[in-house]
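Containing mmCIF, C-alpha atoms: entry27.cif.
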```cif
data_model
loop_
_atom_site.label_atom_id
_atom_site.label_comp_id
_atom_site.auth_asym_id
_atom_site.auth_seq_id
_atom_site.Cartn_x
_atom_site.Cartn_y
_atom_site.Cartn_z
CA MET A 96 96.31 82.30 97.28
CA HIS A 97 94.44 84.86 99.40
CA THR A 98 91.96 86.86 97.40
CA GLU A 99 89.84 88.15 100.27
CA SER A 100 89.53 91.93 100.15
CA ASP A 101 91.16 94.12 102.77
CA GLU A 102 87.73 95.31 103.88
CA ASP A 103 86.54 91.74 104.46
CA LEU A 104 89.69 90.98 106.44
CA VAL A 105 89.06 94.03 108.63
CA LYS A 106 85.54 92.74 109.31
CA ARG A 107 87.01 89.41 110.40
CA ILE A 108 89.57 91.21 112.55
CA ALA A 109 86.73 93.15 114.19
CA SER A 110 85.29 89.83 115.30
CA GLY A 111 88.60 88.80 116.84
CA ASP A 112 90.05 86.71 113.99
CA ARG A 113 93.83 86.56 114.51
CA LEU A 114 94.49 84.70 111.28
CA ALA A 115 92.87 87.56 109.34
CA MET A 116 95.17 89.91 111.24
CA LYS A 117 98.23 87.95 110.10
CA VAL A 118 97.04 87.97 106.49
CA LEU A 119 96.42 91.72 106.49
CA PHE A 120 99.77 92.31 108.19
CA SER A 121 101.58 90.23 105.58
CA ARG A 122 99.81 92.10 102.82
CA HIS A 123 100.67 95.63 103.98
CA GLN A 124 103.63 95.47 106.33
CA VAL A 125 106.35 95.99 103.71
CA ARG A 126 104.99 99.27 102.40
CA VAL A 127 104.00 100.59 105.83
CA TYR A 128 107.46 99.66 107.16
CA ARG A 129 109.21 101.46 104.32
CA PHE A 130 107.04 104.54 104.75
CA VAL A 131 107.85 104.69 108.46
CA LEU A 132 111.53 103.85 108.01
CA ARG A 133 111.96 106.73 105.57
CA LEU A 134 110.62 109.03 108.27
CA VAL A 135 112.22 107.72 111.47
CA ARG A 136 115.38 106.31 109.83
CA ASP A 137 115.84 103.59 112.42
CA GLU A 138 114.95 99.99 111.58
CA THR A 139 114.14 98.88 115.12
CA LEU A 140 111.97 101.93 115.73
CA ALA A 141 110.22 101.42 112.40
CA GLU A 142 109.44 97.80 113.35
CA ASP A 143 108.04 98.94 116.68
CA VAL A 144 105.90 101.53 114.92
CA ILE A 145 104.39 99.05 112.47
CA SER A 146 103.56 96.65 115.33
CA ASP A 147 101.80 99.55 117.05
CA VAL A 148 100.00 100.52 113.83
CA PHE A 149 98.53 97.05 113.41
CA MET A 150 97.76 96.90 117.14
CA ASP A 151 95.65 100.03 116.63
CA LEU A 152 93.95 98.31 113.73
CA TRP A 153 93.18 95.34 116.00
CA ARG A 154 91.63 97.66 118.57
CA GLN A 155 89.71 99.86 116.13
CA ALA A 156 88.74 97.43 113.39
CA ASP A 157 85.05 97.61 114.26
CA ARG A 158 85.20 101.38 113.73
CA PHE A 159 86.70 101.21 110.25
CA GLU A 160 84.62 103.12 107.71
CA ALA A 161 85.11 102.34 104.06
CA ARG A 162 85.41 106.05 103.18
CA SER A 163 89.09 105.40 102.54
CA SER A 164 91.01 102.25 101.63
CA VAL A 165 92.60 100.11 104.32
CA ALA A 166 96.03 101.01 102.90
CA THR A 167 95.30 104.73 103.29
CA TRP A 168 94.01 104.15 106.81
CA LEU A 169 97.15 102.24 107.79
CA LEU A 170 99.46 104.87 106.29
CA ALA A 171 97.59 107.61 108.16
CA ILE A 172 98.00 105.78 111.49
CA ALA A 173 101.65 105.04 110.67
CA ARG A 174 102.29 108.65 109.77
CA ASN A 175 100.87 109.90 113.09
CA LYS A 176 102.96 107.46 115.08
CA ALA A 177 106.15 108.22 113.14
CA TRP A 178 105.72 111.98 113.59
CA SER A 179 104.95 111.49 117.26
CA LEU A 180 108.35 109.79 117.55
CA LEU A 181 110.07 112.55 115.61
CA ARG A 182 108.51 115.15 117.90
CA LYS A 183 109.71 113.25 120.98
CA ARG A 184 113.23 113.42 119.57
CA ARG A 185 112.87 117.17 119.29
CA ASP A 186 111.52 117.32 122.83
CA ALA A 187 114.66 115.50 123.92
CA GLU A 188 116.47 118.61 122.68
CA LEU A 189 118.11 116.96 119.79
CA ASP A 190 118.65 119.11 116.75
CA GLU A 191 115.54 121.19 115.94
CA ASP A 192 115.41 119.77 112.47
CA TYR A 193 116.73 116.34 113.35
CA ALA A 194 114.90 114.51 110.61
CA SER A 195 116.18 116.69 107.83
CA THR A 196 119.78 116.98 108.87
CA ILE A 197 120.55 113.58 110.33
CA GLU A 198 123.86 112.22 109.15
CA ASP A 199 123.49 109.87 106.26
CA GLU A 200 125.84 106.97 105.70
CA SER A 201 125.43 107.00 101.92
CA ASP A 202 127.56 109.10 99.59
CA GLY A 203 126.49 112.71 99.10
CA PRO A 204 125.17 113.84 95.71
CA GLU A 205 128.52 115.42 94.79
CA VAL A 206 130.33 112.16 95.49
CA VAL A 207 127.94 110.01 93.50
CA LEU A 208 128.06 112.50 90.66
CA GLN A 209 131.80 111.94 90.53
CA LYS A 210 130.91 108.30 90.08
CA GLN A 211 128.93 109.35 87.01
CA ASP A 212 125.55 108.03 88.06
CA LYS A 213 122.70 110.52 87.81
CA GLY A 214 120.22 108.04 89.30
CA LEU A 215 122.37 107.60 92.40
CA ALA A 216 122.70 111.37 92.71
CA ILE A 217 118.92 111.79 92.62
CA ARG A 218 118.53 109.10 95.30
CA ALA A 219 121.18 110.78 97.46
CA CYS A 220 119.22 114.04 97.22
CA LEU A 221 115.95 112.25 97.98
CA GLU A 222 117.59 111.03 101.21
CA ARG A 223 118.44 114.61 102.11
CA LEU A 224 115.00 116.13 101.70
CA SER A 225 113.32 117.24 104.94
CA ALA A 226 110.95 114.71 106.56
CA GLU A 227 107.93 116.80 105.46
CA HIS A 228 109.09 116.76 101.87
CA ARG A 229 110.16 113.11 101.96
CA GLU A 230 106.74 111.95 103.08
CA VAL A 231 104.80 113.65 100.26
CA VAL A 232 107.32 112.56 97.64
CA ASP A 233 107.21 108.95 98.90
CA LEU A 234 103.42 108.92 99.13
CA VAL A 235 102.96 110.14 95.56
CA TYR A 236 105.90 108.54 93.78
CA TYR A 237 106.24 105.24 95.66
CA HIS A 238 102.93 104.57 97.38
CA GLU A 239 101.00 105.75 94.31
CA THR A 240 98.49 107.73 96.31
CA SER A 241 96.02 110.21 94.82
CA LEU A 242 95.86 113.87 95.83
CA GLU A 243 92.85 113.16 98.05
CA GLU A 244 94.60 110.22 99.74
CA VAL A 245 97.75 112.24 100.52
CA ALA A 246 95.55 114.96 102.04
CA ARG A 247 93.82 112.35 104.20
CA ILE A 248 97.04 110.63 105.30
CA VAL A 249 98.99 113.80 106.09
CA GLY A 250 95.95 115.65 107.42
CA ILE A 251 96.29 118.78 105.27
CA PRO A 252 94.12 120.36 102.53
CA GLU A 253 94.61 119.19 98.96
CA ASN A 254 95.99 122.57 97.87
CA THR A 255 98.62 122.34 100.59
CA VAL A 256 99.59 118.90 99.30
CA LYS A 257 100.15 120.35 95.84
CA THR A 258 102.18 123.27 97.19
CA ARG A 259 104.26 121.05 99.48
CA LEU A 260 105.00 118.60 96.70
CA PHE A 261 105.95 121.45 94.37
CA HIS A 262 108.43 122.80 96.93
CA ALA A 263 109.82 119.31 97.56
CA ARG A 264 110.43 118.85 93.82
CA LYS A 265 111.97 122.29 93.57
CA LYS A 266 114.25 121.60 96.53
CA LEU A 267 115.32 118.33 94.95
CA GLY A 268 116.19 120.16 91.72
CA GLU A 269 118.14 122.80 93.63
CA MET A 270 120.16 120.15 95.48
CA LEU A 271 120.97 118.41 92.21
CA LYS A 272 121.95 121.69 90.62
CA ALA A 273 124.27 122.44 93.54
CA ALA A 274 125.78 119.00 92.98
CA GLY A 275 126.39 119.79 89.31
CA ILE A 276 123.29 118.36 87.61
CA ASP A 277 121.23 121.04 85.90
CA ARG A 278 117.93 119.63 84.63
CA GLY A 279 116.64 122.98 83.38
CA TRP A 280 114.45 123.55 86.42
CA PRO A 281 114.57 125.25 88.85
CA MET B 570 116.28 131.88 85.09
CA SER B 571 112.64 133.01 85.09
CA ASP B 572 110.02 130.33 85.49
CA GLY B 573 107.42 130.89 82.76
CA ILE B 574 105.19 128.16 84.19
CA ALA B 575 105.11 129.55 87.73
CA SER B 576 104.09 133.00 86.46
CA ASP B 577 101.13 131.63 84.49
CA PRO B 578 98.35 130.40 86.81
CA ARG B 579 96.80 128.16 84.12
CA ARG B 580 100.08 126.37 83.34
CA SER B 581 101.03 126.31 87.00
CA GLU B 582 97.79 124.55 87.87
CA ILE B 583 98.49 121.87 85.26
CA GLU B 584 102.09 121.57 86.43
CA GLU B 585 100.98 120.73 89.97
CA LEU B 586 98.92 117.85 88.60
CA LEU B 587 101.87 116.30 86.73
CA PRO B 588 103.08 114.11 89.65
CA PHE B 589 99.61 112.54 89.85
CA TYR B 590 99.52 112.16 86.08
CA ALA B 591 102.89 110.39 86.31
CA ASN B 592 101.79 108.02 89.10
CA GLY B 593 98.54 107.17 87.33
CA ARG B 594 96.31 108.41 90.17
CA ILE B 595 94.49 111.25 88.47
CA GLY B 596 90.82 111.61 87.54
CA GLU B 597 89.75 111.20 83.96
CA ALA B 598 88.84 114.88 83.44
CA ASP B 599 92.18 116.09 84.87
CA ARG B 600 94.07 113.49 82.84
CA LYS B 601 92.56 114.87 79.63
CA ARG B 602 93.37 118.46 80.66
CA VAL B 603 96.97 117.51 81.39
CA GLU B 604 97.38 115.65 78.10
CA ALA B 605 95.90 118.53 76.10
CA ALA B 606 98.29 120.96 77.81
CA LEU B 607 101.32 118.68 77.34
CA ALA B 608 100.65 118.38 73.61
CA GLY B 609 101.33 122.06 73.03
CA ASP B 610 103.71 123.00 75.82
CA ALA B 611 107.31 121.82 75.58
CA ASP B 612 108.20 123.29 78.99
CA LEU B 613 105.48 121.28 80.70
CA ALA B 614 106.59 118.15 78.82
CA ALA B 615 110.17 118.73 80.01
CA ARG B 616 108.89 119.08 83.57
CA LEU B 617 107.13 115.71 83.22
CA VAL B 618 110.40 114.07 82.17
CA ILE B 619 112.02 115.34 85.38
CA ILE B 620 109.09 114.06 87.45
CA ARG B 621 109.31 110.62 85.84
CA ASP B 622 113.04 110.45 86.59
CA ASP B 623 112.40 111.36 90.23
CA LEU B 624 109.53 108.90 90.47
CA ALA B 625 111.68 106.04 89.15
CA GLU B 626 114.49 106.82 91.58
CA THR B 627 112.05 107.15 94.50
CA VAL B 628 110.70 103.69 93.69
CA LEU B 629 114.22 102.23 93.55
CA LEU B 630 115.19 103.92 96.81
CA ASN B 631 112.15 102.53 98.63
CA GLU B 632 112.51 99.08 97.09
CA SER B 633 116.06 98.94 98.46
CA LEU B 634 114.82 99.35 102.06
CA GLY B 635 113.89 95.70 102.54
CA ALA B 636 111.22 94.57 104.95
CA ALA B 637 110.66 94.38 108.68
CA SER B 638 112.11 91.37 110.50
CA PRO B 639 109.77 88.69 111.94
CA ARG B 640 110.17 90.52 115.26
CA ALA B 641 107.50 93.03 114.18
CA LEU B 642 104.82 90.36 113.71
CA ASP B 643 105.92 88.51 116.87
CA ARG B 644 105.62 91.74 118.84
CA LEU B 645 102.18 92.41 117.38
CA MET B 646 100.83 88.93 118.08
CA ALA B 647 102.26 89.04 121.63
CA GLY B 648 100.46 92.35 122.13
CA ILE B 649 97.20 90.90 120.84
CA ALA B 650 97.56 87.83 123.07
CA ALA B 651 98.15 90.04 126.09
CA GLU B 652 95.08 92.11 125.39
CA PRO B 653 91.90 90.26 126.32
CA ARG B 654 88.94 91.74 124.59
CA PRO B 655 85.39 90.61 124.09
CA ALA B 656 84.58 89.76 120.50
CA PRO B 657 82.02 92.32 119.28
CA LEU B 658 80.01 89.63 117.51
CA LEU B 659 79.50 87.76 120.77
CA GLU B 660 78.55 90.99 122.49
CA ARG B 661 75.99 91.76 119.84
CA ALA B 662 74.58 88.26 120.16
CA LYS B 663 73.88 88.64 123.87
CA GLY B 664 70.29 87.67 124.48
CA GLY B 665 70.03 86.29 120.94
CA VAL B 666 71.01 82.91 119.60
CA PHE B 667 74.13 82.79 121.79
CA GLY B 668 72.07 83.50 124.86
CA TRP B 669 69.72 80.67 123.94
CA PHE B 670 72.66 78.35 123.27
CA GLY B 671 74.26 79.33 126.59
CA GLY B 672 71.03 78.51 128.38
CA LEU B 673 70.82 75.18 126.64
CA LEU B 674 74.38 74.28 127.70
CA ALA B 675 73.72 75.35 131.27
CA ALA B 676 70.79 72.95 131.41
CA GLN B 677 72.94 69.89 130.49
CA PRO B 678 74.42 67.52 133.11
CA PRO B 679 78.27 67.81 133.49
CA ARG B 680 78.98 64.32 132.10
CA ARG B 681 77.09 65.04 128.87
CA LEU B 682 78.90 68.36 128.53
CA ALA B 683 82.27 66.61 129.00
CA TYR B 684 81.51 64.06 126.23
CA ALA B 685 80.29 66.82 123.91
CA GLY B 686 83.46 68.85 124.60
CA ALA B 687 85.72 65.88 123.89
CA PHE B 688 83.87 65.19 120.64
CA ALA B 689 84.18 68.84 119.56
CA LEU B 690 87.89 68.81 120.37
CA ALA B 691 88.46 65.66 118.29
CA LEU B 692 86.58 67.25 115.40
CA ILE B 693 88.80 70.36 115.54
CA VAL B 694 91.97 68.23 115.61
CA LEU B 695 90.77 66.24 112.57
CA GLN B 696 89.93 69.43 110.67
CA GLY B 697 93.33 70.89 111.54
CA ALA B 698 95.13 67.77 110.30
CA ALA B 699 93.14 67.78 107.06
CA ILE B 700 93.82 71.47 106.38
CA THR B 701 97.54 71.08 107.17
CA GLY B 702 97.74 68.08 104.83
CA LEU B 703 96.14 70.06 102.02
CA ALA B 704 98.46 73.00 102.60
CA LEU B 705 101.56 70.80 102.54
CA ARG B 706 100.41 68.95 99.42
CA ASP B 707 99.76 72.25 97.63
CA GLY B 708 103.24 73.45 98.53
CA SER B 709 102.61 76.97 97.26
CA GLY B 710 102.35 78.55 100.72
CA PHE B 711 101.25 82.10 101.35
CA GLN B 712 102.50 84.98 99.28
CA THR B 713 102.14 88.62 100.24
CA ALA B 714 100.17 90.78 97.86
CA SER B 715 102.83 93.45 98.13
CA ALA B 716 105.42 91.25 96.48
CA PRO B 717 103.68 88.61 94.43
CA GLY B 718 106.04 86.09 92.94
CA SER B 719 109.04 87.68 94.61
CA ARG B 720 111.62 85.28 95.99
CA PRO B 721 114.97 86.42 97.30
CA SER B 722 116.62 83.64 95.30
CA GLU B 723 116.03 85.56 92.08
CA ARG B 724 117.34 88.73 90.50
CA TYR B 725 115.13 91.53 89.22
CA VAL B 726 115.08 94.79 87.33
CA LEU B 727 112.47 97.51 87.42
CA LEU B 728 111.47 98.81 84.01
CA SER B 729 108.88 100.74 82.06
CA PHE B 730 108.16 100.32 78.37
CA ALA B 731 108.45 103.07 75.80
CA PRO B 732 105.00 104.26 74.65
CA GLU B 733 105.90 103.41 71.04
CA ALA B 734 107.03 99.81 71.81
CA LYS B 735 105.10 97.18 69.86
CA ALA B 736 103.81 93.95 71.38
CA GLY B 737 106.02 91.84 69.12
CA GLU B 738 109.12 93.81 70.11
CA ILE B 739 108.30 93.43 73.80
CA ALA B 740 107.83 89.66 73.38
CA ALA B 741 111.17 89.41 71.57
CA PHE B 742 112.78 91.54 74.28
CA PHE B 743 111.67 89.12 77.00
CA LYS B 744 112.82 86.14 74.97
CA ARG B 745 116.22 87.73 74.30
CA TYR B 746 116.88 88.24 78.00
CA ASP B 747 115.05 85.10 79.15
CA ALA B 748 113.10 87.46 81.41
CA SER B 749 109.61 87.36 82.84
CA VAL B 750 107.29 89.83 84.58
CA VAL B 751 106.72 89.04 88.26
CA ASP B 752 104.81 92.18 89.24
CA GLY B 753 103.02 94.98 87.43
CA PRO B 754 102.07 97.02 85.72
CA ARG B 755 101.87 99.29 88.74
CA ALA B 756 99.79 102.46 88.51
CA ASN B 757 102.92 104.34 87.45
CA GLY B 758 103.55 101.92 84.58
CA PHE B 759 106.52 100.09 86.10
CA PHE B 760 107.07 96.33 85.92
CA LYS B 761 109.24 94.17 88.15
CA VAL B 762 111.00 91.72 85.85
CA ARG B 763 112.95 88.57 86.72
CA VAL B 764 116.25 88.41 84.84
CA GLY B 765 117.88 85.38 86.44
CA ASP B 766 118.47 83.41 89.60
CA ALA B 767 120.62 84.09 92.66
CA SER B 768 123.77 82.92 90.87
CA LEU B 769 123.90 86.31 89.10
CA THR B 770 126.10 88.85 90.86
CA GLN B 771 124.97 92.45 91.34
CA ALA B 772 127.44 93.50 88.65
CA GLN B 773 125.90 91.04 86.22
CA VAL B 774 122.39 92.32 86.98
CA ASP B 775 123.65 95.89 86.45
CA ALA B 776 125.16 94.81 83.14
CA ILE B 777 121.86 93.26 82.03
CA ALA B 778 120.04 96.46 83.02
CA ALA B 779 122.55 98.51 81.04
CA ARG B 780 122.07 96.31 77.95
CA MET B 781 118.29 96.59 78.32
CA LYS B 782 118.62 100.38 78.56
CA ALA B 783 120.20 100.37 75.11
CA ASP B 784 116.88 99.13 73.67
CA ARG B 785 115.60 102.70 73.59
CA GLY B 786 112.60 102.05 71.39
CA ILE B 787 111.33 99.30 73.71
CA VAL B 788 112.06 100.48 77.26
CA SER B 789 112.07 103.99 78.68
CA PHE B 790 113.56 103.13 82.08
CA VAL B 791 115.53 100.17 83.48
CA ALA B 792 117.37 99.70 86.77
CA ALA B 793 118.41 96.76 88.90
CA SER B 794 115.87 96.17 91.66
CA PRO B 795 116.27 94.41 95.03
#
```
As a first step, turn the structure in this file into structure tokens.
Amino acid sequence: MHTESDEDLVKRIASGDRLAMKVLFSRHQVRVYRFVLRLVRDETLAEDVISDVFMDLWRQADRFEARSSVATWLLAIARNKAWSLLRKRRDAELDEDYASTIEDESDGPEVVLQKQDKGLAIRACLERLSAEHREVVDLVYYHETSLEEVARIVGIPENTVKTRLFHARKKLGEMLKAAGIDRGWP
Amino acid sequence: MSDGIASDPRRSEIEELLPFYANGRIGEADRKRVEAALAGDADLAARLVIIRDDLAETVLLNESLGAASPRALDRLMAGIAAEPRPAPLLERAKGGVFGWFGGLLAAQPPRRLAYAGAFALALIVLQGAAITGLALRDGSGFQTASAPGSRPSERYVLLSFAPEAKAGEIAAFFKRYDASVVDGPRANGFFKVRVGDASLTQAQVDAIAARMKADRGIVSFVAASP
């Protein structure tokens, strides 16, 4: 079993160790992939992005500073690359808010409510949050990041993180309410 | 409906910390402030219940996304192979021990260098064979830290325990379902629990999760997990 710390692996990568690169990739690729996939919503694109993220790590490993964890560093690189892709889509004159309105194959919250599953309804609404809201919700609820880490990954002040997360939660509650689930707030 | 929390800056400040209280990534001082506020504020406590519901569903949603195909690693390694770069350690050693060693090699006659190279190659092959043999004998292989113990041939649920659950009750719970923890506790208090092998259908796993949910005093959340 590999017990070497991420930081030690990065040091090995900085000296050109490809095996260390594979170990670090195996350790983090699932979460980075899911984070990117939730933003770009295309599996092939998400795979390309994570390859590029780890390629950046390969190139910049000797510049890694332990001010943040390797996981935070990777998510920050991934986030920049994913948003760069989303912006290119906008530049291609697709819908202005492509990420938030893209057609979803899953049932809508009203449909899943008819199926009497509140959990499914919440997940359907989570899918329909805007990309900006999705990323903060995912970072806090799934990636278990602290306030400081979200600020670092997204590149915004901590107070903005709190405000954005509040509005994401409120939006989620409003969507559920519109679908017939009143949780008492908002 | 008016929002009494939003109109009170003190309560509002605590409310914005609740997601980080729920995911376990909050400083000690803030954690104590949040807990003190929750103890005497039913509205804040109700807000926390909503946040925990959303957190659990966000985890399930993300867990259902699967993982990247081997193509991602292949693409990365091909990119690395195509990108020649000097190893920084070697660069730093220029003029140092590597420089001395380089000079020493340059001073040797070609035949001696050829024998030394062949010997070094044989040594590497022997080491490789020995390491491979050990790895095969061990049989455990490499497991990712992100999914320790996870094998697609098994069926899982994601659950969190009720704060009032006793150790004996939890032990009996696991025995009753022939279940075992494969991952956790995560910072948000969730555990990934094995409930059977691949012979279980999704409907059967859902049924087990539903039965587990009925144990209200022991678990606070249960759902089938990929």
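All residues of protein, DNA or RNA that reach within 9 Å of Leu104 of chain A, judged by all atoms listed in the file and not counting those fewer than 5 positions away in the chain, are A:Glu99, A:Ala109, A:Asp112, A:Ala115, A:Met116, A:Val118, A:Leu119.
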Residues just named, written with C-alpha atoms as a PDB file, in the frame of the given file:
```
ATOM      1  CA  GLU A  99      89.840  88.150 100.270  1.00  0.00           C
ATOM      2  CA  ALA A 109      86.730  93.150 114.190  1.00  0.00           C
ATOM      3  CA  ASP A 112      90.050  86.710 113.990  1.00  0.00           C
ATOM      4  CA  ALA A 115      92.870  87.560 109.340  1.00  0.00           C
ATOM      5  CA  MET A 116      95.170  89.910 111.240  1.00  0.00           C
ATOM      6  CA  VAL A 118      97.040  87.970 106.490  1.00  0.00           C
ATOM      7  CA  LEU A 119      96.420  91.720 106.490  1.00  0.00           C
TER       8      LEU A 119
END
```
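Ranking A:Ser225, A:Ser110, A:Asn254, A:Ser179 by their shortest atom-to-atom distance to Lys266 of chain A, with only C-alpha atoms included, puts A:Ser225 first.
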(message) Using Å and a single decimal, report how far atom CA of Leu260 of chain A sits from atom CA of Asp622 of chain B.
(response) 15.3 Å
Determine, using all atoms listed in the file, which residues of chain A have any atom at most 8 Å from an atom of chain B, and tabulate each with its shortest atom pair and distance in Å to one decimal place, rows ordered by chain and then rising number, as a Markdown table.
```
| residue | atom | partner | partner_atom | distance |
| --- | --- | --- | --- | --- |
| A:Met96 | CA | B:Phe711 | CA | 6.4 |
| A:His97 | CA | B:Phe711 | CA | 7.6 |
| A:Ala109 | CA | B:Pro657 | CA | 7.0 |
| A:Ser110 | CA | B:Ala656 | CA | 5.2 |
| A:Gly111 | CA | B:Ala656 | CA | 5.5 |
| A:Lys117 | CA | B:Leu642 | CA | 7.9 |
| A:Phe120 | CA | B:Leu642 | CA | 7.7 |
| A:Ser121 | CA | B:Thr713 | CA | 5.6 |
| A:Arg122 | CA | B:Thr713 | CA | 4.9 |
| A:His123 | CA | B:Ser715 | CA | 6.6 |
| A:Gln124 | CA | B:Ala637 | CA | 7.5 |
| A:Val125 | CA | B:Ala636 | CA | 5.2 |
| A:Arg126 | CA | B:Ser715 | CA | 7.5 |
| A:Tyr128 | CA | B:Ala637 | CA | 6.4 |
| A:Arg129 | CA | B:Leu634 | CA | 6.4 |
| A:Glu138 | CA | B:Ala637 | CA | 7.6 |
| A:Ala141 | CA | B:Ala637 | CA | 8.0 |
| A:Glu142 | CA | B:Ala641 | CA | 5.2 |
| A:Asp143 | CA | B:Ala641 | CA | 6.4 |
| A:Ile145 | CA | B:Ala641 | CA | 7.0 |
| A:Ser146 | CA | B:Leu645 | CA | 4.9 |
| A:Asp147 | CA | B:Leu645 | CA | 7.2 |
| A:Phe149 | CA | B:Leu645 | CA | 7.1 |
| A:Met150 | CA | B:Leu645 | CA | 6.3 |
| A:Trp153 | CA | B:Ile649 | CA | 7.7 |
| A:Asp157 | CA | B:Pro657 | CA | 7.9 |
| A:Gly214 | CA | B:Glu626 | CA | 6.3 |
| A:Leu215 | CA | B:Glu626 | CA | 8.0 |
| A:Ile217 | CA | B:Glu626 | CA | 6.7 |
| A:Arg218 | CA | B:Glu626 | CA | 5.9 |
| A:Leu221 | CA | B:Thr627 | CA | 7.3 |
| A:Val232 | CA | B:Thr627 | CA | 7.8 |
| A:Asp233 | CA | B:Thr627 | CA | 6.8 |
| A:Val235 | CA | B:Asn592 | CA | 6.9 |
| A:Tyr236 | CA | B:Leu624 | CA | 4.9 |
| A:Tyr237 | CA | B:Val628 | CA | 5.1 |
| A:Glu239 | CA | B:Asn592 | CA | 5.7 |
| A:Thr240 | CA | B:Arg594 | CA | 6.6 |
| A:Ser241 | CA | B:Arg594 | CA | 5.0 |
| A:Leu242 | CA | B:Phe589 | CA | 7.2 |
| A:Lys257 | CA | B:Glu585 | CA | 5.9 |
| A:Thr258 | CA | B:Glu585 | CA | 7.7 |
| A:Phe261 | CA | B:Glu585 | CA | 6.7 |
| A:Arg278 | CA | B:Ile619 | CA | 7.3 |
| A:Trp280 | CA | B:Arg616 | CA | 7.7 |
| A:Pro281 | CA | B:Asp572 | CA | 7.6 |
```
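The space between atom CA of Ala177 of chain A and atom CA of Ile108 of chain A spans 23.8 Å.
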(message) as number ranges by chain, please: the residues near Ile739 of chain B (cut-off 9 Å, all atoms listed in the file, same-chain neighbours under 3 positions excluded).
(response) B: 730, 734-736, 742-744, 787-788
(request) Find the distance between atom CA of Leu224 of chain A and atom CA of Val135 of chain A and write it in Å to one decimal. (result) 13.2 Å
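Taking all atoms listed in the file into account, Ala793 of chain B lies nearest to B:Tyr725 out of the set B:Val750, B:Arg763, B:Tyr725, B:Gly737.
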(message) Which residues are close to segment 158-169 of chain A, i.e. within 9 Å by all atoms listed in the file, leaving aside same-chain residues fewer than 2 positions away? Reply as a PyMOL selection string.
(response) chain A and resi 101-102+105-106+109+123+127+148-149+152+154-156+171-174+240+244-245+247-248
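Of the residues under consideration (A:Ala219, A:Lys213, A:Val131, A:Ala226), A:Ala219 shows the shortest atom-to-atom contact distance to Leu267 of chain A when counting all atoms listed in the file.
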